[in-house]
Number of protein chains: 2
Amino acid sequence: MNQSMTYEEFQRRVSSVILTENGNCPVTPVIQMLQGKWKLQIIYELCIQSPMRFGELKKMLTPITNTMLTNALKELEGDGLVHREQYNEIPPRVEYSLTEKGRDLLPVFYAISQWGMKYIP
Amino acid sequence: MNQSMTYEEFQRRVSSVILTENGNCPVTPVIQMLQGKWKLQIIYELCIQSPMRFGELKKMLTPITNTMLTNALKELEGDGLVHREQYNEIPPRVEYSLTEKGRDLLPVFYAISQWGMKYIP
DNA sequence: TCTATTGGTATGGTTTTTCGTACCAGATAC
DNA sequence: GTATCTGGTACGAAAAACCATACCAATAGA
């Protein structure tokens, strides 16, 4: 599959079976990677402000719990979307930021925001 | 907020607090609306082919169960993304298709596919 | 009469997510 | 000596999601 594809080309080809039939669909695995109550929201917060400390993220995402935020961040780090930087200070300070891979999701949020501005009252 | 916004404008403004602070964020509610294991996949299948019968969808989304597919479709219909057309035949025939509101999510899938083509091996 | 068909529903059980609470280190300020 | 700060962890409980199975209507065809 091409590395780049215009939107018009996508519109044409999405109607054929090309994208899914070859078991190499570029959409389904991404959808699955971003599943979960918090992952997209965390990435979006980090799009808005980066880096962010654990406590700042937690405040923005209230009512998220420590456990949920920790787990989601670990998975996002494991997927290479988020970078964790730990400073050995007391009290501890840990900063989270998006990697390039994570920042490259910005067009997705742009598309979502366009839809939202059209349809959300 | 503007009804339309270029990507460059989005890049600039997403870093300010404008998008979220006023309680009228065009991203967060959309993310929440599309949560769940199957919703995005169903919409994506309907982007590829529409209309589709219940049984066809079920086959494409194997191993989804009747219950899950029914529930997800009901919620998508409730959100106005999917249209359900029932034909009173025996055996019954029901066709699902995207509404305009649903089709307008296509740019989101395009953005996702661009990311996927870059990062999925 | 028996079977197959489709698009579901109903029921109950299992598994996965999510939540609430308590707890920790180790320095600093009181 | 005690409370405070941060970024977590550990544990069990609750909630939500998910699943398997059985079942239904109503007609057509064998």
# chains A, B, ... in the order shown; residues from 1 in each chain; ligands from 1
call {"tool": "closest_atom_pairs", "arguments": {"of": "stretch 52-108 of chain B", "to": "stretch 9-26 of chain C", "cutoff": "10 Å", "atoms": "only C-alpha atoms (C1' of nucleotides)", "output": "tab-separated table"}}
result
residue	atom	partner	partner_atom	distance
B:Asn66	CA	C:DT9	C1'	9.6
B:Thr67	CA	C:DT9	C1'	8.5
B:Thr70	CA	C:DT9	C1'	9.9
call {"tool": "residues_around", "arguments": {"residues": "C:DA29", "least_positions_apart": "2", "cutoff": "10 Å", "atoms": "only C-alpha atoms (C1' of nucleotides)", "output": "compact mmCIF listing (two decimals) with N, CA and C atoms (P, O5', C5', C4', C3', O3' and C1' of nucleotides), in the first residue's frame"}}
result
# COMPACT_ATOMS: atom_id res chain seq x y z
P DA C 27 16.63 11.50 51.80
O5' DA C 27 16.49 13.10 51.84
C5' DA C 27 16.26 13.80 50.64
C4' DA C 27 15.23 14.89 50.87
C3' DA C 27 15.63 15.92 51.93
O3' DA C 27 15.66 17.20 51.33
C1' DA C 27 13.41 15.17 52.24
P DA D 3 0.77 14.10 62.59
O5' DA D 3 0.60 15.13 61.39
C5' DA D 3 0.70 16.52 61.65
C4' DA D 3 1.11 17.25 60.38
C3' DA D 3 0.39 16.74 59.12
O3' DA D 3 -0.08 17.87 58.39
C1' DA D 3 2.75 16.69 58.80
P DT D 4 -0.91 17.65 57.03
O5' DT D 4 0.19 17.93 55.92
C5' DT D 4 1.06 19.07 56.03
C4' DT D 4 1.90 19.18 54.76
C3' DT D 4 1.22 18.58 53.54
O3' DT D 4 1.27 19.48 52.45
C1' DT D 4 3.38 17.61 53.83
call {"tool": "residues_around", "arguments": {"residues": "stretch 99-105 of chain A", "least_positions_apart": "5", "cutoff": "10 Å", "atoms": "only C-alpha atoms (C1' of nucleotides)", "output": "ChimeraX atom specification"}}
result
/A:40,43-44,46-47,76-77,79-84,110 /B:111-112,114-116,118-119
call {"tool": "write_last_selection", "arguments": {"atoms": "C-alpha atoms", "output": "compact mmCIF listing (two decimals), in the first residue's frame"}}
result
# COMPACT_ATOMS: atom_id res chain seq x y z
CA LEU A 40 -7.37 9.18 23.62
CA ILE A 43 -3.06 11.94 24.27
CA TYR A 44 -5.34 14.87 23.60
CA LEU A 46 -0.73 16.10 25.92
CA CYS A 47 -1.50 17.67 22.53
CA LEU A 76 0.89 4.43 25.87
CA GLU A 77 4.58 4.42 26.70
CA ASP A 79 3.18 1.69 22.33
CA GLY A 80 5.75 4.43 21.89
CA LEU A 81 3.25 7.27 21.92
CA VAL A 82 4.24 8.85 25.21
CA HIS A 83 7.62 9.58 26.74
CA ARG A 84 8.19 9.42 30.48
CA TYR A 110 -8.20 17.78 14.04
CA ALA B 111 -6.33 10.54 9.36
CA ILE B 112 -6.14 7.24 11.21
CA GLN B 114 -2.42 7.89 7.33
CA TRP B 115 -1.01 7.31 10.77
CA GLY B 116 -1.41 3.57 10.38
CA LYS B 118 3.29 5.37 8.63
CA TYR B 119 3.61 3.39 11.82
call {"tool": "interface_residues", "arguments": {"of": "chain D", "to": "chain B", "cutoff": "10 Å", "atoms": "only C-alpha atoms (C1' of nucleotides)", "output": "count of residues only"}}
result
8
call {"tool": "interface_residues", "arguments": {"of": "chain A", "to": "chain B", "cutoff": "9 Å", "atoms": "only C-alpha atoms", "output": "count of residues only"}}
result
54
call {"tool": "atom_distance", "arguments": {"atom1": "atom CA of B:Glu95", "atom2": "atom CA of B:Met33"}}
result
22.4 Å
call {"tool": "closest_residue", "arguments": {"among": "A:Pro51, A:Pro63, A:Gln86, A:Leu73", "to": "chain C", "atoms": "only C-alpha atoms (C1' of nucleotides)"}}
result
A:Pro63
call {"tool": "atom_distance", "arguments": {"atom1": "atom C1' of C:DT6", "atom2": "atom CA of B:Tyr96"}}
result
14.3 Å
call {"tool": "atom_distance", "arguments": {"atom1": "atom C1' of D:DG12", "atom2": "atom CA of A:Lys74"}}
result
22.3 Å
